[in-house]
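Here is run-v2.txt, consisting of compact mmCIF, C-alpha atoms:
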```
# COMPACT_ATOMS: atom_id res chain seq x y z
CA MET A 1039 -138.42 -86.38 64.28
CA LYS A 1040 -141.62 -86.25 66.29
CA ASN A 1041 -143.25 -88.88 68.48
CA ASN A 1042 -146.93 -88.59 67.61
CA PHE A 1043 -148.30 -91.21 69.96
CA ASN A 1044 -148.63 -90.48 73.65
CA GLY A 1045 -151.20 -93.12 74.51
CA LYS A 1046 -150.83 -96.73 75.55
CA VAL A 1047 -150.24 -99.67 73.25
CA GLY A 1048 -152.27 -102.83 73.48
CA VAL A 1049 -155.59 -100.97 73.31
CA LYS A 1050 -158.43 -100.63 70.84
CA ILE A 1051 -157.47 -98.46 67.89
CA ASN A 1052 -158.68 -94.93 68.60
CA LYS A 1053 -158.89 -91.73 66.59
CA LYS A 1054 -155.39 -90.68 67.66
CA VAL A 1055 -153.84 -93.79 66.06
CA GLN A 1056 -155.98 -93.38 62.96
CA ASP A 1057 -154.75 -89.79 62.65
CA ILE A 1058 -151.15 -91.01 62.90
CA ILE A 1059 -151.73 -93.51 60.10
CA LYS A 1060 -153.25 -90.78 57.92
CA GLU A 1061 -150.07 -88.73 58.33
CA ILE A 1062 -147.81 -91.49 56.99
CA LYS A 1063 -147.00 -91.50 53.26
CA PHE A 1064 -147.30 -95.09 52.01
CA ASP A 1065 -145.87 -96.09 48.62
CA ASP A 1066 -147.96 -97.26 45.65
CA ARG A 1067 -148.18 -100.73 47.23
CA GLY A 1068 -149.46 -99.29 50.49
CA LEU A 1069 -146.16 -99.95 52.29
CA VAL A 1070 -143.70 -97.92 54.34
CA PRO A 1071 -140.18 -99.00 55.47
CA ALA A 1072 -139.81 -99.52 59.21
CA ILE A 1073 -136.55 -99.70 61.14
CA ALA A 1074 -136.52 -101.48 64.52
CA GLN A 1075 -134.13 -100.22 67.19
CA ASP A 1076 -133.40 -101.81 70.58
CA VAL A 1077 -134.83 -99.66 73.39
CA LYS A 1078 -131.91 -100.39 75.72
CA THR A 1079 -128.80 -100.88 73.58
CA LYS A 1080 -129.93 -98.47 70.81
CA GLU A 1081 -128.66 -101.04 68.31
CA VAL A 1082 -130.41 -101.09 64.94
CA LEU A 1083 -131.98 -104.54 64.66
CA MET A 1084 -133.69 -104.85 61.28
CA LEU A 1085 -135.51 -103.21 58.39
CA ALA A 1086 -138.88 -104.43 57.19
CA TYR A 1087 -142.13 -102.99 55.80
CA MET A 1088 -145.46 -102.10 57.35
CA ASN A 1089 -148.88 -101.32 55.92
CA ARG A 1090 -151.92 -99.75 57.59
CA GLU A 1091 -153.15 -103.04 58.98
CA SER A 1092 -149.79 -104.01 60.46
CA ILE A 1093 -149.51 -100.63 62.18
CA GLU A 1094 -153.00 -101.03 63.63
CA LYS A 1095 -152.20 -104.56 64.85
CA THR A 1096 -148.95 -103.33 66.37
CA PHE A 1097 -150.76 -100.69 68.43
CA GLN A 1098 -153.59 -103.06 69.31
CA GLU A 1099 -151.39 -105.85 70.66
CA GLY A 1100 -148.28 -103.96 71.72
CA VAL A 1101 -146.04 -106.25 69.67
CA VAL A 1102 -144.73 -105.51 66.20
CA TYR A 1103 -146.40 -106.74 63.02
CA TYR A 1104 -144.86 -106.29 59.57
CA TYR A 1105 -146.00 -106.93 56.00
CA SER A 1106 -144.11 -109.55 54.00
CA ARG A 1107 -143.59 -108.41 50.42
CA SER A 1108 -142.55 -111.90 49.26
CA ARG A 1109 -145.50 -113.71 50.84
CA GLU A 1110 -147.86 -110.75 50.42
CA LYS A 1111 -149.32 -111.15 53.87
CA LEU A 1112 -149.19 -109.75 57.39
CA TRP A 1113 -146.69 -111.35 59.77
CA LYS A 1114 -146.11 -111.05 63.48
CA LYS A 1115 -142.42 -110.76 64.28
CA GLY A 1116 -141.39 -113.84 66.27
CA GLU A 1117 -144.66 -115.68 65.73
CA THR A 1118 -142.90 -119.01 65.18
CA SER A 1119 -139.53 -118.40 66.90
CA GLY A 1120 -140.85 -116.59 69.97
CA ASN A 1121 -138.49 -113.68 69.25
CA ILE A 1122 -141.18 -111.04 69.43
CA GLN A 1123 -140.65 -107.29 69.51
CA LYS A 1124 -142.53 -105.39 72.22
CA LEU A 1125 -143.40 -101.88 71.07
CA LYS A 1126 -141.88 -99.15 73.24
CA GLY A 1127 -141.86 -96.19 70.86
CA PHE A 1128 -143.18 -95.19 67.43
CA TYR A 1129 -141.76 -92.37 65.28
CA TYR A 1130 -141.94 -91.27 61.68
CA ASP A 1131 -139.42 -89.07 59.89
CA CYS A 1132 -139.63 -85.49 58.57
CA ASP A 1133 -140.87 -86.65 55.15
CA LYS A 1134 -143.41 -88.98 56.80
CA ASP A 1135 -142.32 -91.86 54.55
CA SER A 1136 -140.36 -94.05 56.96
CA ILE A 1137 -140.93 -95.37 60.48
CA LEU A 1138 -138.68 -95.92 63.48
CA LEU A 1139 -139.86 -98.53 65.97
CA ILE A 1140 -138.30 -98.59 69.43
CA VAL A 1141 -138.68 -102.15 70.67
CA GLU A 1142 -137.82 -104.51 73.48
CA GLN A 1143 -136.37 -107.45 71.57
CA VAL A 1144 -137.08 -110.89 72.97
CA GLY A 1145 -134.33 -113.29 71.90
CA VAL A 1146 -132.62 -112.30 68.67
CA ALA A 1147 -133.92 -110.20 65.79
CA CYS A 1148 -132.29 -112.00 62.86
CA HIS A 1149 -133.35 -115.39 61.47
CA THR A 1150 -129.63 -116.29 61.17
CA GLY A 1151 -129.30 -116.35 64.96
CA ASN A 1152 -127.48 -113.03 65.11
CA TYR A 1153 -128.88 -110.43 67.48
CA SER A 1154 -129.17 -107.83 64.73
CA CYS A 1155 -129.69 -108.30 61.00
CA PHE A 1156 -126.90 -105.76 60.42
CA PHE A 1157 -123.98 -108.06 61.22
CA ASN A 1158 -122.08 -107.81 57.91
CA LYS A 1159 -119.19 -105.61 59.00
CA VAL A 1160 -117.63 -103.29 56.42
CA LEU A 1161 -116.25 -100.50 58.61
CA GLU A 1162 -116.27 -100.25 62.36
CA THR A 1163 -114.70 -97.86 64.85
CA LYS A 1164 -113.24 -99.14 68.11
CA TYR A 1165 -116.14 -97.65 70.07
CA LYS A 1166 -119.36 -99.65 70.11
CA ASN A 1167 -122.40 -98.27 71.92
CA ILE A 1168 -123.91 -101.57 73.03
CA ASN A 1169 -124.85 -103.15 76.33
CA ILE A 1170 -123.19 -106.53 76.08
CA ILE A 1171 -124.93 -107.82 79.23
CA GLU A 1172 -128.36 -107.18 77.75
CA GLU A 1173 -127.31 -108.61 74.40
CA LEU A 1174 -125.92 -111.76 76.05
CA TYR A 1175 -129.09 -112.17 78.11
CA SER A 1176 -131.19 -112.01 74.94
CA LEU A 1177 -128.97 -114.57 73.23
CA LEU A 1178 -129.31 -116.92 76.21
CA GLU A 1179 -133.09 -116.52 76.06
CA ASP A 1180 -132.96 -117.50 72.40
CA ARG A 1181 -130.86 -120.57 73.16
CA LYS A 1182 -133.42 -121.65 75.75
CA ASN A 1183 -136.34 -121.17 73.36
CA ASN A 1184 -134.51 -122.44 70.25
CA PRO A 1185 -131.96 -125.09 71.29
CA LYS A 1186 -128.94 -125.65 69.05
CA GLU A 1187 -127.06 -128.92 68.78
CA GLY A 1188 -123.62 -128.75 70.41
CA SER A 1189 -124.37 -125.55 72.33
CA TYR A 1190 -122.78 -125.41 75.80
CA THR A 1191 -125.58 -123.10 76.91
CA ASN A 1192 -128.21 -125.65 75.89
CA TYR A 1193 -126.23 -128.35 77.70
CA LEU A 1194 -126.59 -126.32 80.90
CA PHE A 1195 -130.32 -125.75 80.35
CA ARG A 1196 -130.79 -129.43 79.58
CA GLU A 1197 -128.94 -130.55 82.73
CA GLY A 1198 -131.00 -128.18 84.84
CA ILE A 1199 -130.71 -126.10 87.98
CA ASP A 1200 -128.30 -128.35 89.91
CA LYS A 1201 -125.70 -128.32 87.12
CA ILE A 1202 -126.03 -124.56 86.68
CA LEU A 1203 -125.60 -123.95 90.42
CA LYS A 1204 -122.57 -126.24 90.50
CA LYS A 1205 -120.95 -124.23 87.72
CA ILE A 1206 -121.67 -120.96 89.51
CA GLY A 1207 -120.01 -122.35 92.64
CA GLU A 1208 -116.97 -123.41 90.63
CA GLU A 1209 -116.72 -120.05 88.86
CA ALA A 1210 -117.04 -118.14 92.16
CA SER A 1211 -114.11 -120.11 93.55
CA GLU A 1212 -112.09 -119.39 90.41
CA VAL A 1213 -112.82 -115.66 90.80
CA ILE A 1214 -111.25 -115.81 94.27
CA ILE A 1215 -108.18 -117.62 92.90
CA GLY A 1216 -107.95 -115.17 89.99
CA ALA A 1217 -108.00 -112.24 92.40
CA LYS A 1218 -104.93 -113.70 94.11
CA ASN A 1219 -103.07 -114.15 90.83
CA ASN A 1220 -103.34 -111.29 88.34
CA ARG A 1221 -105.74 -108.77 86.83
CA GLU A 1222 -106.16 -110.55 83.47
CA GLU A 1223 -107.11 -113.83 85.11
CA LEU A 1224 -109.55 -112.05 87.41
CA ILE A 1225 -111.28 -110.37 84.45
CA TYR A 1226 -111.55 -113.72 82.68
CA GLU A 1227 -113.02 -115.51 85.70
CA ILE A 1228 -115.47 -112.70 86.52
CA SER A 1229 -116.72 -112.90 82.92
CA ASP A 1230 -117.30 -116.65 83.33
CA LEU A 1231 -119.20 -116.04 86.57
CA ILE A 1232 -121.39 -113.37 84.96
CA TYR A 1233 -122.19 -115.67 82.03
CA HIS A 1234 -123.24 -118.56 84.28
CA THR A 1235 -125.24 -116.19 86.51
CA LEU A 1236 -127.14 -114.97 83.44
CA VAL A 1237 -127.82 -118.60 82.48
CA LEU A 1238 -129.30 -119.12 85.95
CA MET A 1239 -131.43 -115.99 85.58
CA VAL A 1240 -132.84 -117.10 82.22
CA ASN A 1241 -133.45 -120.60 83.56
CA GLU A 1242 -135.39 -119.19 86.52
CA ASN A 1243 -137.20 -116.50 84.46
CA ILE A 1244 -135.51 -113.63 86.28
CA SER A 1245 -135.04 -110.60 84.03
CA LEU A 1246 -132.37 -107.92 84.10
CA ASN A 1247 -135.14 -105.48 85.01
CA ASP A 1248 -135.89 -107.55 88.12
CA ILE A 1249 -132.30 -107.09 89.28
CA GLU A 1250 -132.26 -103.41 88.35
CA GLU A 1251 -135.44 -102.77 90.34
CA GLU A 1252 -134.03 -104.57 93.38
CA LEU A 1253 -130.81 -102.55 93.25
CA ILE A 1254 -132.75 -99.30 92.79
CA SER A 1255 -134.89 -100.15 95.82
CA ARG A 1256 -131.72 -100.51 97.88
CA ARG A 1257 -130.32 -97.15 96.79
CA SER A 1258 -132.49 -95.20 99.22
```
Structure translated into structure tokens:
Amino acid sequence: MKNNFNGKVGVKINKKVQDIIKEIKFDDRGLVPAIAQDVKTKEVLMLAYMNRESIEKTFQEGVVYYYSRSREKLWKKGETSGNIQKLKGFYYDCDKDSILLIVEQVGVACHTGNYSCFFNKVLETKYKNINIIEELYSLLEDRKNNPKEGSYTNYLFREGIDKILKKIGEEASEVIIGAKNNREELIYEISDLIYHTLVLMVNENISLNDIEEELISRRS
């Protein structure tokens, strides 16, 4: 598999992008299957179809466009839900008849509310190569942008910063108590604290990258 694009996305379509499109083998409807994969977790998110125009739009805007076979029209992923996919990488396979998109997923990828469209489990090993912190953060973002009735997370967002901070204070105290009791209780309470801290981050528009950059700056 070869990455044919070394330029920047979000720019006017140039000859390099046009050459890439010429390499791709579209079917008799002018379509090619495209798989979206999370840039951080490496989780496969969804399968859809692209045509020449959707590929051009994707490079032009830096967010993914697909072609809807049922509606027979171009569609921007997340246009109504806000769950857009930011393009981070573009590959095509050895036969040049399928595409792999590496994306930064905002919110969730699936219209059902699941993070990935591939949630119907048939066989699964014990090992899962996912970053649960990043996945949870994305789910919290989706709850903020698309509130659900009865959701505890939306209750916190609705109550606002003071309620969220109160919960973080309570959970921090429970972490201390858990540390004095036993390992299982400590793990449980730390998980609660992390969850409420992520809620605070989403509420205040602080990304995981912001925290990573701060920690990296301290390393030296």
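In terms of minimum interatomic distance to Thr1096 of chain A, A:Gly1127 ranks closest within A:Gly1127, A:Gly1120, A:Gly1151, A:Pro1071, counting all atoms listed in the file.
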| message | What's the separation between atom CA of Ile1171 of chain A and atom CA of Thr1191 of chain A, in Å to one decimal place? | response | 15.5 Å
| field | Residue neighbourhood Glu1173 of chain A, 8 Å, all atoms listed in the file, exclusion window fewer than 4 positions, as a VMD selection string | value | chain A and resid 1079 1153 1168 to 1169 1177
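A straight line drawn from atom CA of Gln1098 of chain A to atom CA of Ile1122 of chain A is 14.8 Å long.
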Where is the centre and how long are the edges: axis-aligned box on segment 1240-1248 of chain A, 5 Å on each side, Å to one decimal, as AutoDock Vina command-line options:
```
--center_x -134.8 --center_y -113.0 --center_z 85.2 --size_x 14.8 --size_y 25.1 --size_z 15.9
```
| note | Pairwise distance, atom CA of Arg1196 of chain A with atom CA of Asn1152 of chain A, equals 22.1 Å
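Between Ile1137 of chain A and the residues A:Asn1089, A:Asn1192, A:Asn1158, A:Asn1121, the shortest atom-to-atom distance, using all atoms listed in the file, involves A:Asn1089.
The shortest atom-to-atom distance to Tyr1129 of chain A, with all atoms listed in the file taken into account, belongs to A:Ala1072 out of A:Ala1072, A:Arg1067, A:Leu1194, A:Glu1208.
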| field | Spatial neighbours of Asn1243 of chain A, max dist 12 Å, all atoms listed in the file, sep filter under 5 positions, as a ChimeraX atom specification | value | /A:1175,1178-1179,1182,1236-1238,1248-1249
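Near Asp1180 of chain A, within a cut-off of 8 Å and counting all atoms listed in the file, sit the residues Asn1121, Val1144, Gly1145 and Val1146 of chain A, with same-chain residues fewer than 6 positions away left out.
Of the residues under consideration (A:Ser1106, A:Ser1092, A:Gln1075, A:Asn1184), A:Gln1075 shows the shortest atom-to-atom contact distance to Val1141 of chain A when counting all atoms listed in the file.
Between Ile1206 of chain A and the residues A:Leu1085, A:Ile1232, A:Ile1225, A:Val1055, the shortest atom-to-atom distance, using only C-alpha atoms, involves A:Ile1232.
You can rank A:Tyr1226, A:Trp1113, A:Tyr1193, A:Phe1097 by their closest distance to Asn1052 of chain A using only C-alpha atoms, and at the top of that list sits A:Phe1097.
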